[in-house]
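This is data_2.cif (mmCIF, C-alpha atoms and all ligand atoms; chains and numbers go by the auth columns).
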data_input
loop_
_atom_site.group_PDB
_atom_site.id
_atom_site.type_symbol
_atom_site.label_atom_id
_atom_site.label_comp_id
_atom_site.label_asym_id
_atom_site.label_seq_id
_atom_site.Cartn_x
_atom_site.Cartn_y
_atom_site.Cartn_z
_atom_site.B_iso_or_equiv
_atom_site.auth_seq_id
_atom_site.auth_asym_id
ATOM 1 C CA MET A 1 -27.956 -43.485 38.445 0.00 1 A
ATOM 2 C CA SER A 2 -25.466 -41.166 40.038 0.00 2 A
ATOM 3 C CA PHE A 3 -22.526 -39.440 38.360 0.00 3 A
ATOM 4 C CA ARG A 4 -19.674 -41.893 37.732 0.00 4 A
ATOM 5 C CA ALA A 5 -16.099 -40.632 37.470 0.00 5 A
ATOM 6 C CA THR A 6 -13.300 -42.893 36.282 0.00 6 A
ATOM 7 C CA VAL A 7 -9.846 -41.336 36.402 0.00 7 A
ATOM 8 C CA LEU A 8 -6.884 -42.925 34.620 0.00 8 A
ATOM 9 C CA THR A 9 -3.612 -41.873 36.197 0.00 9 A
ATOM 10 C CA LEU A 10 -0.102 -42.938 37.135 0.00 10 A
ATOM 11 C CA TYR A 11 -0.868 -41.643 40.651 0.00 11 A
ATOM 12 C CA PRO A 12 -4.187 -43.174 41.771 0.00 12 A
ATOM 13 C CA GLU A 13 -3.200 -42.475 45.390 0.00 13 A
ATOM 14 C CA MET A 14 -3.737 -38.762 44.610 0.00 14 A
ATOM 15 C CA PHE A 15 -7.498 -39.554 44.538 0.00 15 A
ATOM 16 C CA PRO A 16 -9.946 -38.701 45.935 0.00 16 A
ATOM 17 C CA GLY A 17 -7.510 -36.087 47.285 0.00 17 A
ATOM 18 C CA THR A 18 -9.337 -32.813 47.791 0.00 18 A
ATOM 19 C CA LEU A 19 -12.504 -34.490 46.523 0.00 19 A
ATOM 20 C CA GLY A 20 -12.592 -36.662 49.649 0.00 20 A
ATOM 21 C CA GLN A 21 -13.213 -33.602 51.857 0.00 21 A
ATOM 22 C CA ALA A 22 -15.976 -31.093 52.487 0.00 22 A
ATOM 23 C CA LEU A 23 -18.881 -30.839 50.018 0.00 23 A
ATOM 24 C CA ALA A 24 -17.503 -33.303 47.443 0.00 24 A
ATOM 25 C CA GLY A 25 -16.329 -35.740 50.119 0.00 25 A
ATOM 26 C CA LYS A 26 -19.698 -35.825 51.842 0.00 26 A
ATOM 27 C CA ALA A 27 -21.421 -36.301 48.490 0.00 27 A
ATOM 28 C CA LEU A 28 -19.022 -39.167 47.712 0.00 28 A
ATOM 29 C CA ALA A 29 -19.772 -40.826 51.062 0.00 29 A
ATOM 30 C CA ARG A 30 -23.513 -40.435 50.398 0.00 30 A
ATOM 31 C CA GLY A 31 -23.198 -41.987 46.954 0.00 31 A
ATOM 32 C CA ASP A 32 -24.244 -38.858 45.039 0.00 32 A
ATOM 33 C CA TRP A 33 -21.253 -39.622 42.829 0.00 33 A
ATOM 34 C CA SER A 34 -18.687 -42.393 42.590 0.00 34 A
ATOM 35 C CA LEU A 35 -15.000 -42.444 41.819 0.00 35 A
ATOM 36 C CA GLU A 36 -12.719 -45.095 40.428 0.00 36 A
ATOM 37 C CA ALA A 37 -9.001 -44.322 40.079 0.00 37 A
ATOM 38 C CA VAL A 38 -7.297 -46.637 37.588 0.00 38 A
ATOM 39 C CA GLN A 39 -3.538 -47.187 37.632 0.00 39 A
ATOM 40 C CA ILE A 40 -2.436 -46.870 33.995 0.00 40 A
ATOM 41 C CA ARG A 41 0.766 -48.751 34.787 0.00 41 A
ATOM 42 C CA ASP A 42 -1.270 -51.903 35.470 0.00 42 A
ATOM 43 C CA TYR A 43 -1.830 -52.046 31.700 0.00 43 A
ATOM 44 C CA ALA A 44 1.841 -51.966 30.741 0.00 44 A
ATOM 45 C CA THR A 45 2.920 -55.135 28.964 0.00 45 A
ATOM 46 C CA ASP A 46 6.724 -55.202 29.009 0.00 46 A
ATOM 47 C CA LYS A 47 8.748 -56.559 31.904 0.00 47 A
ATOM 48 C CA HIS A 48 9.715 -53.077 33.124 0.00 48 A
ATOM 49 C CA ARG A 49 6.035 -52.056 33.141 0.00 49 A
ATOM 50 C CA SER A 50 6.972 -48.941 31.184 0.00 50 A
ATOM 51 C CA VAL A 51 4.247 -46.440 30.365 0.00 51 A
ATOM 52 C CA ASP A 52 6.336 -43.860 28.510 0.00 52 A
ATOM 53 C CA ASP A 53 9.032 -43.670 25.887 0.00 53 A
ATOM 54 C CA THR A 54 11.210 -41.123 24.127 0.00 54 A
ATOM 55 C CA PRO A 55 9.514 -38.779 21.636 0.00 55 A
ATOM 56 C CA ALA A 56 9.572 -39.787 17.991 0.00 56 A
ATOM 57 C CA GLY A 57 11.615 -37.192 16.118 0.00 57 A
ATOM 58 C CA GLY A 58 13.704 -36.422 19.204 0.00 58 A
ATOM 59 C CA GLY A 59 13.448 -33.681 21.766 0.00 59 A
ATOM 60 C CA ALA A 60 13.130 -33.391 25.509 0.00 60 A
ATOM 61 C CA GLY A 61 11.005 -35.447 27.870 0.00 61 A
ATOM 62 C CA MET A 62 8.976 -38.593 27.528 0.00 62 A
ATOM 63 C CA VAL A 63 5.625 -39.412 25.944 0.00 63 A
ATOM 64 C CA MET A 64 2.953 -41.705 27.361 0.00 64 A
ATOM 65 C CA ARG A 65 2.503 -44.746 25.164 0.00 65 A
ATOM 66 C CA ALA A 66 -0.681 -45.065 23.084 0.00 66 A
ATOM 67 C CA ASP A 67 -0.961 -48.831 23.566 0.00 67 A
ATOM 68 C CA VAL A 68 -0.755 -48.658 27.357 0.00 68 A
ATOM 69 C CA VAL A 69 -3.187 -45.738 27.736 0.00 69 A
ATOM 70 C CA ALA A 70 -5.597 -47.406 25.285 0.00 70 A
ATOM 71 C CA ALA A 71 -5.497 -50.702 27.197 0.00 71 A
ATOM 72 C CA ALA A 72 -6.313 -48.848 30.433 0.00 72 A
ATOM 73 C CA LEU A 73 -9.167 -47.015 28.693 0.00 73 A
ATOM 74 C CA ASP A 74 -10.588 -50.146 27.063 0.00 74 A
ATOM 75 C CA ALA A 75 -10.631 -51.948 30.397 0.00 75 A
ATOM 76 C CA SER A 76 -12.391 -48.989 32.068 0.00 76 A
ATOM 77 C CA CYS A 77 -15.130 -48.182 29.564 0.00 77 A
ATOM 78 C CA ASP A 78 -16.521 -50.191 26.691 0.00 78 A
ATOM 79 C CA GLU A 79 -18.011 -48.950 23.430 0.00 79 A
ATOM 80 C CA ALA A 80 -21.469 -48.730 24.973 0.00 80 A
ATOM 81 C CA ASP A 81 -20.308 -46.531 27.862 0.00 81 A
ATOM 82 C CA PRO A 82 -22.149 -43.229 27.364 0.00 82 A
ATOM 83 C CA ARG A 83 -19.685 -41.163 29.392 0.00 83 A
ATOM 84 C CA PRO A 84 -17.526 -38.571 27.621 0.00 84 A
ATOM 85 C CA ARG A 85 -13.825 -39.430 27.507 0.00 85 A
ATOM 86 C CA LEU A 86 -11.714 -36.480 28.485 0.00 86 A
ATOM 87 C CA LEU A 87 -7.989 -35.857 28.434 0.00 87 A
ATOM 88 C CA MET A 88 -6.719 -33.125 30.701 0.00 88 A
ATOM 89 C CA SER A 89 -4.429 -31.064 28.472 0.00 89 A
ATOM 90 C CA PRO A 90 -3.155 -27.481 28.233 0.00 90 A
ATOM 91 C CA ARG A 91 -3.947 -27.692 24.509 0.00 91 A
ATOM 92 C CA GLY A 92 -7.580 -28.444 25.201 0.00 92 A
ATOM 93 C CA LYS A 93 -10.640 -26.261 25.043 0.00 93 A
ATOM 94 C CA PRO A 94 -10.659 -24.106 28.182 0.00 94 A
ATOM 95 C CA LEU A 95 -13.147 -25.400 30.751 0.00 95 A
ATOM 96 C CA THR A 96 -16.183 -23.151 31.253 0.00 96 A
ATOM 97 C CA GLN A 97 -19.106 -23.162 33.664 0.00 97 A
ATOM 98 C CA ALA A 98 -21.338 -24.063 30.697 0.00 98 A
ATOM 99 C CA ARG A 99 -19.298 -27.218 29.969 0.00 99 A
ATOM 100 C CA VAL A 100 -19.265 -28.018 33.693 0.00 100 A
ATOM 101 C CA ARG A 101 -23.067 -27.791 33.736 0.00 101 A
ATOM 102 C CA ASP A 102 -23.290 -30.107 30.699 0.00 102 A
ATOM 103 C CA LEU A 103 -21.059 -32.664 32.371 0.00 103 A
ATOM 104 C CA ALA A 104 -23.036 -32.481 35.619 0.00 104 A
ATOM 105 C CA ALA A 105 -26.234 -33.237 33.672 0.00 105 A
ATOM 106 C CA GLY A 106 -24.642 -36.356 32.132 0.00 106 A
ATOM 107 C CA PRO A 107 -23.820 -39.866 33.367 0.00 107 A
ATOM 108 C CA GLY A 108 -20.237 -39.124 34.428 0.00 108 A
ATOM 109 C CA ALA A 109 -16.813 -38.847 32.836 0.00 109 A
ATOM 110 C CA VAL A 110 -13.772 -40.926 32.030 0.00 110 A
ATOM 111 C CA ILE A 111 -10.744 -38.714 32.561 0.00 111 A
ATOM 112 C CA VAL A 112 -7.177 -39.388 31.440 0.00 112 A
ATOM 113 C CA CYS A 113 -4.462 -37.555 33.365 0.00 113 A
ATOM 114 C CA GLY A 114 -1.313 -36.888 31.375 0.00 114 A
ATOM 115 C CA ARG A 115 2.228 -36.807 32.742 0.00 115 A
ATOM 116 C CA PHE A 116 5.620 -36.072 31.164 0.00 116 A
ATOM 117 C CA GLU A 117 5.258 -34.263 27.798 0.00 117 A
ATOM 118 C CA GLY A 118 1.778 -35.670 27.311 0.00 118 A
ATOM 119 C CA VAL A 119 0.287 -38.669 25.513 0.00 119 A
ATOM 120 C CA ASP A 120 0.875 -40.153 22.074 0.00 120 A
ATOM 121 C CA GLN A 121 -1.460 -38.413 19.594 0.00 121 A
ATOM 122 C CA ARG A 122 -2.706 -41.732 18.237 0.00 122 A
ATOM 123 C CA VAL A 123 -4.594 -42.640 21.408 0.00 123 A
ATOM 124 C CA ILE A 124 -6.213 -39.181 21.453 0.00 124 A
ATOM 125 C CA ASP A 125 -7.401 -39.752 17.882 0.00 125 A
ATOM 126 C CA GLY A 126 -8.045 -43.480 18.156 0.00 126 A
ATOM 127 C CA ARG A 127 -10.176 -43.282 21.292 0.00 127 A
ATOM 128 C CA GLY A 128 -11.776 -39.917 20.514 0.00 128 A
ATOM 129 C CA LEU A 129 -10.487 -38.159 23.616 0.00 129 A
ATOM 130 C CA GLU A 130 -11.784 -34.630 24.170 0.00 130 A
ATOM 131 C CA GLU A 131 -8.929 -32.434 25.385 0.00 131 A
ATOM 132 C CA VAL A 132 -9.891 -30.110 28.228 0.00 132 A
ATOM 133 C CA SER A 133 -7.706 -27.370 29.700 0.00 133 A
ATOM 134 C CA ILE A 134 -8.200 -25.679 33.053 0.00 134 A
ATOM 135 C CA GLY A 135 -6.295 -22.567 32.002 0.00 135 A
ATOM 136 C CA ASP A 136 -3.372 -21.099 30.123 0.00 136 A
ATOM 137 C CA TYR A 137 -0.539 -22.398 32.282 0.00 137 A
ATOM 138 C CA VAL A 138 1.272 -25.718 32.444 0.00 138 A
ATOM 139 C CA LEU A 139 0.875 -28.152 35.343 0.00 139 A
ATOM 140 C CA SER A 140 3.164 -31.104 35.950 0.00 140 A
ATOM 141 C CA GLY A 141 0.307 -33.566 35.544 0.00 141 A
ATOM 142 C CA GLY A 142 -3.393 -33.904 34.847 0.00 142 A
ATOM 143 C CA GLU A 143 -4.402 -35.059 38.356 0.00 143 A
ATOM 144 C CA VAL A 144 -4.909 -31.622 39.882 0.00 144 A
ATOM 145 C CA ALA A 145 -6.663 -30.512 36.691 0.00 145 A
ATOM 146 C CA ALA A 146 -9.016 -33.506 36.893 0.00 146 A
ATOM 147 C CA GLN A 147 -9.818 -32.631 40.499 0.00 147 A
ATOM 148 C CA VAL A 148 -10.570 -29.050 39.492 0.00 148 A
ATOM 149 C CA LEU A 149 -12.969 -30.251 36.812 0.00 149 A
ATOM 150 C CA LEU A 150 -14.652 -32.804 39.079 0.00 150 A
ATOM 151 C CA ASP A 151 -14.952 -30.339 41.959 0.00 151 A
ATOM 152 C CA ALA A 152 -16.778 -27.890 39.691 0.00 152 A
ATOM 153 C CA VAL A 153 -19.089 -30.640 38.415 0.00 153 A
ATOM 154 C CA ILE A 154 -19.840 -32.331 41.725 0.00 154 A
ATOM 155 C CA ARG A 155 -21.100 -29.205 43.463 0.00 155 A
ATOM 156 C CA LEU A 156 -23.776 -28.953 40.759 0.00 156 A
ATOM 157 C CA LEU A 157 -25.053 -32.517 41.163 0.00 157 A
ATOM 158 C CA PRO A 158 -28.570 -32.829 42.589 0.00 158 A
ATOM 159 C CA GLY A 159 -28.587 -32.751 46.375 0.00 159 A
ATOM 160 C CA VAL A 160 -24.937 -31.776 46.768 0.00 160 A
ATOM 161 C CA MET A 161 -25.109 -28.068 47.420 0.00 161 A
ATOM 162 C CA GLY A 162 -26.852 -27.296 50.692 0.00 162 A
ATOM 163 C CA ASN A 163 -28.281 -23.969 49.635 0.00 163 A
ATOM 164 C CA ALA A 164 -29.512 -24.679 46.128 0.00 164 A
ATOM 165 C CA GLN A 165 -29.970 -20.984 45.498 0.00 165 A
ATOM 166 C CA SER A 166 -26.310 -20.130 45.749 0.00 166 A
ATOM 167 C CA GLY A 167 -25.907 -21.909 42.421 0.00 167 A
ATOM 168 C CA ASP A 168 -27.765 -19.322 40.366 0.00 168 A
ATOM 169 C CA THR A 169 -26.452 -15.985 41.552 0.00 169 A
ATOM 170 C CA GLU A 170 -22.769 -16.707 41.522 0.00 170 A
ATOM 171 C CA SER A 171 -19.979 -15.951 39.108 0.00 171 A
ATOM 172 C CA PHE A 172 -20.453 -17.024 35.466 0.00 172 A
ATOM 173 C CA GLU A 173 -24.118 -17.921 35.847 0.00 173 A
ATOM 174 C CA GLY A 174 -25.725 -15.398 33.515 0.00 174 A
ATOM 175 C CA ASN A 175 -22.280 -14.205 32.330 0.00 175 A
ATOM 176 C CA LEU A 176 -21.697 -11.970 35.344 0.00 176 A
ATOM 177 C CA LEU A 177 -19.156 -12.088 38.127 0.00 177 A
ATOM 178 C CA GLU A 178 -20.550 -12.197 41.620 0.00 178 A
ATOM 179 C CA PRO A 179 -21.235 -8.990 43.562 0.00 179 A
ATOM 180 C CA PRO A 180 -19.314 -8.402 46.838 0.00 180 A
ATOM 181 C CA HIS A 181 -20.375 -10.239 50.013 0.00 181 A
ATOM 182 C CA TYR A 182 -20.535 -8.970 53.598 0.00 182 A
ATOM 183 C CA THR A 183 -21.370 -10.480 56.952 0.00 183 A
ATOM 184 C CA ARG A 184 -21.170 -9.499 60.630 0.00 184 A
ATOM 185 C CA PRO A 185 -19.693 -7.558 62.323 0.00 185 A
ATOM 186 C CA ALA A 186 -21.487 -4.473 60.999 0.00 186 A
ATOM 187 C CA GLU A 187 -18.295 -2.462 61.342 0.00 187 A
ATOM 188 C CA TRP A 188 -14.766 -3.844 60.978 0.00 188 A
ATOM 189 C CA GLU A 189 -11.596 -1.707 61.097 0.00 189 A
ATOM 190 C CA GLY A 190 -13.755 1.321 60.405 0.00 190 A
ATOM 191 C CA ARG A 191 -15.322 -0.279 57.320 0.00 191 A
ATOM 192 C CA THR A 192 -19.083 -0.592 57.221 0.00 192 A
ATOM 193 C CA ILE A 193 -21.490 -2.716 55.194 0.00 193 A
ATOM 194 C CA PRO A 194 -23.196 -0.894 52.276 0.00 194 A
ATOM 195 C CA GLU A 195 -26.372 0.544 53.760 0.00 195 A
ATOM 196 C CA VAL A 196 -28.719 -0.948 51.175 0.00 196 A
ATOM 197 C CA LEU A 197 -27.818 -4.468 52.356 0.00 197 A
ATOM 198 C CA THR A 198 -29.112 -3.766 55.847 0.00 198 A
ATOM 199 C CA SER A 199 -32.214 -1.892 54.613 0.00 199 A
ATOM 200 C CA GLY A 200 -34.427 -4.970 54.403 0.00 200 A
ATOM 201 C CA ASN A 201 -35.677 -3.745 51.016 0.00 201 A
ATOM 202 C CA HIS A 202 -35.223 -6.821 48.861 0.00 202 A
ATOM 203 C CA ALA A 203 -36.015 -5.178 45.540 0.00 203 A
ATOM 204 C CA LYS A 204 -33.366 -2.529 46.241 0.00 204 A
ATOM 205 C CA ILE A 205 -30.898 -5.191 47.372 0.00 205 A
ATOM 206 C CA ASP A 206 -31.400 -7.194 44.173 0.00 206 A
ATOM 207 C CA GLU A 207 -30.961 -4.065 42.101 0.00 207 A
ATOM 208 C CA TRP A 208 -27.760 -3.106 43.977 0.00 208 A
ATOM 209 C CA ARG A 209 -26.313 -6.607 43.549 0.00 209 A
ATOM 210 C CA ARG A 210 -27.102 -6.596 39.862 0.00 210 A
ATOM 211 C CA GLU A 211 -25.411 -3.206 39.392 0.00 211 A
ATOM 212 C CA GLU A 212 -22.338 -4.224 41.366 0.00 212 A
ATOM 213 C CA ALA A 213 -22.070 -7.468 39.402 0.00 213 A
ATOM 214 C CA GLU A 214 -22.279 -5.571 36.109 0.00 214 A
ATOM 215 C CA LYS A 215 -19.731 -2.984 37.238 0.00 215 A
ATOM 216 C CA LEU A 216 -17.268 -5.647 38.356 0.00 216 A
ATOM 217 C CA THR A 217 -17.713 -7.644 35.180 0.00 217 A
ATOM 218 C CA ARG A 218 -17.196 -4.547 33.003 0.00 218 A
ATOM 219 C CA GLU A 219 -14.013 -3.683 34.902 0.00 219 A
ATOM 220 C CA ARG A 220 -12.468 -7.118 35.227 0.00 220 A
ATOM 221 C CA ARG A 221 -13.941 -9.365 32.566 0.00 221 A
ATOM 222 C CA PRO A 222 -15.462 -7.371 29.709 0.00 222 A
ATOM 223 C CA ASP A 223 -14.991 -10.508 27.581 0.00 223 A
ATOM 224 C CA LEU A 224 -17.884 -12.128 29.498 0.00 224 A
ATOM 225 C CA LEU A 225 -20.184 -9.351 28.313 0.00 225 A
ATOM 226 C CA GLY A 226 -19.100 -10.004 24.768 0.00 226 A
ATOM 227 C CA GLY A 227 -17.081 -6.812 24.487 0.00 227 A
HETATM 228 N N1 LIG B . 4.194 -30.668 26.950 0.00 301 A
HETATM 229 C C1 LIG B . 2.849 -30.306 27.206 0.00 301 A
HETATM 230 C C2 LIG B . 2.609 -30.104 28.696 0.00 301 A
HETATM 231 C C3 LIG B . 2.643 -31.378 29.475 0.00 301 A
HETATM 232 S S1 LIG B . 2.225 -31.128 31.161 0.00 301 A
HETATM 233 C C4 LIG B . 2.509 -29.021 26.457 0.00 301 A
HETATM 234 O O1 LIG B . 3.375 -28.180 26.306 0.00 301 A
HETATM 235 O O2 LIG B . 1.350 -28.854 26.037 0.00 301 A
HETATM 236 C C5 LIG B . 1.815 -32.766 31.678 0.00 301 A
HETATM 237 C C6 LIG B . 0.344 -33.081 31.806 0.00 301 A
HETATM 238 O O3 LIG B . -0.239 -32.190 32.741 0.00 301 A
HETATM 239 C C7 LIG B . -0.472 -32.915 30.546 0.00 301 A
HETATM 240 O O4 LIG B . -0.425 -34.075 29.737 0.00 301 A
HETATM 241 C C8 LIG B . -1.873 -32.682 31.107 0.00 301 A
HETATM 242 O O5 LIG B . -2.520 -33.903 31.400 0.00 301 A
HETATM 243 C C9 LIG B . -1.602 -31.945 32.403 0.00 301 A
HETATM 244 N N2 LIG B . -1.796 -30.490 32.285 0.00 301 A
HETATM 245 C C10 LIG B . -0.821 -29.549 32.302 0.00 301 A
HETATM 246 N N3 LIG B . -1.336 -28.314 32.194 0.00 301 A
HETATM 247 C C11 LIG B . -2.677 -28.448 32.106 0.00 301 A
HETATM 248 C C12 LIG B . -3.767 -27.523 31.969 0.00 301 A
HETATM 249 N N4 LIG B . -3.566 -26.211 31.888 0.00 301 A
HETATM 250 N N5 LIG B . -5.010 -28.027 31.911 0.00 301 A
HETATM 251 C C13 LIG B . -5.224 -29.366 31.974 0.00 301 A
HETATM 252 N N6 LIG B . -4.230 -30.290 32.103 0.00 301 A
HETATM 253 C C14 LIG B . -2.980 -29.843 32.181 0.00 301 A
#
Represent the supplied structure as structure tokens.
Ligand code: SAH
Amino acid sequence: MSFRATVLTLYPEMFPGTLGQALAGKALARGDWSLEAVQIRDYATDKHRSVDDTPAGGGAGMVMRADVVAAALDASCDEADPRPRLLMSPRGKPLTQARVRDLAAGPGAVIVCGRFEGVDQRVIDGRGLEEVSIGDYVLSGGEVAAQVLLDAVIRLLPGVMGNAQSGDTESFEGNLLEPPHYTRPAEWEGRTIPEVLTSGNHAKIDEWRREEAEKLTRERRPDLLGG
């Protein structure tokens, strides 16, 4: 069974979006993963098909209604559905490569994209939604965030990444940022490629890459090293 993504959104036409191209798009066409974009508005019950209302207690903006979001969720995944139910949210736990790996090893994900000020707390609690953030900034909606999450997951699915090896040495695998890359030409604007990389000595090359990765991580992201 391949990875199944169900995305609940007010803008289903935004999908597959970037996920329809390149690596993820080819994997989608091959059936390595599947995508269903559900229009939340189809589950509105009043004659105006409204999905949002003014915030209880007053204040700016609108809030997505619990009953409408819940109806969309209930129609998309039943109690027995083993997939985690995520809500893209700036209040959520920041997404990490470790969580991405967990998701990629699972059956898929049901992802709710917020709009406006967000969604009524009762549907988060009532349907056990796990809030996931893609970083400490505020987007206008969860659709781009959902595509970020899915892009990160899809490239890890079996058979998706052409060169399987490039998965292990890159940033965040093993808590290190990636060392610098070089390719031809050997000299560009007077800049050359570090000699060790053209030496053919693979033990030396590995050692150099490891050192560069550690140096970069110490300089830029000491938090990854636990310090
Ligand atoms: N009023 C909210 C922000 C709402 S932004 C607050 O201050 O927390 C509208 C929607 O965009 C959110 O419901 C969420 O689905 C999405 N979104 C915005 N920023 C995000 C982020 N950093 N990560 C994930 N989703 C985000």
(message) If the limit is 12 Å from any atom of ligand LIG 301 (chain A), counting only C-alpha atoms and all ligand atoms, which residues qualify? Return them as a PyMOL selection string.
(response) chain A and resi 7-10+52+55+59-65+86-95+111-121+124+129-149
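In this structure, atom CA of A:Pro12 sits 20.0 Å away from atom CA of A:Pro84.
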(message) For the provided coordinates, the residues matched by the PyMOL selection byres (((chain A and resi 70) around 10) and not hetatm) should be stated as number ranges by chain.
(response) A: 40, 43, 65-69, 71-76, 122-124, 126-127
(message) When you look at A:Ser34 with a cut-off of 9 Å (counting all atoms listed in the file), what residues show up, excluding the ones that are within fewer than 5 positions of it in the same chain? I need them as a PyMOL selection string.
(response) chain A and resi 2-6+27-29+108
(request) Report as a ChimeraX atom specification the full result of the PyMOL selection byres (((chain A and resi 97) around 10) and not hetatm) when it is applied to this structure. (result) /A:95-96,98-103,149,152-153,171-173,175
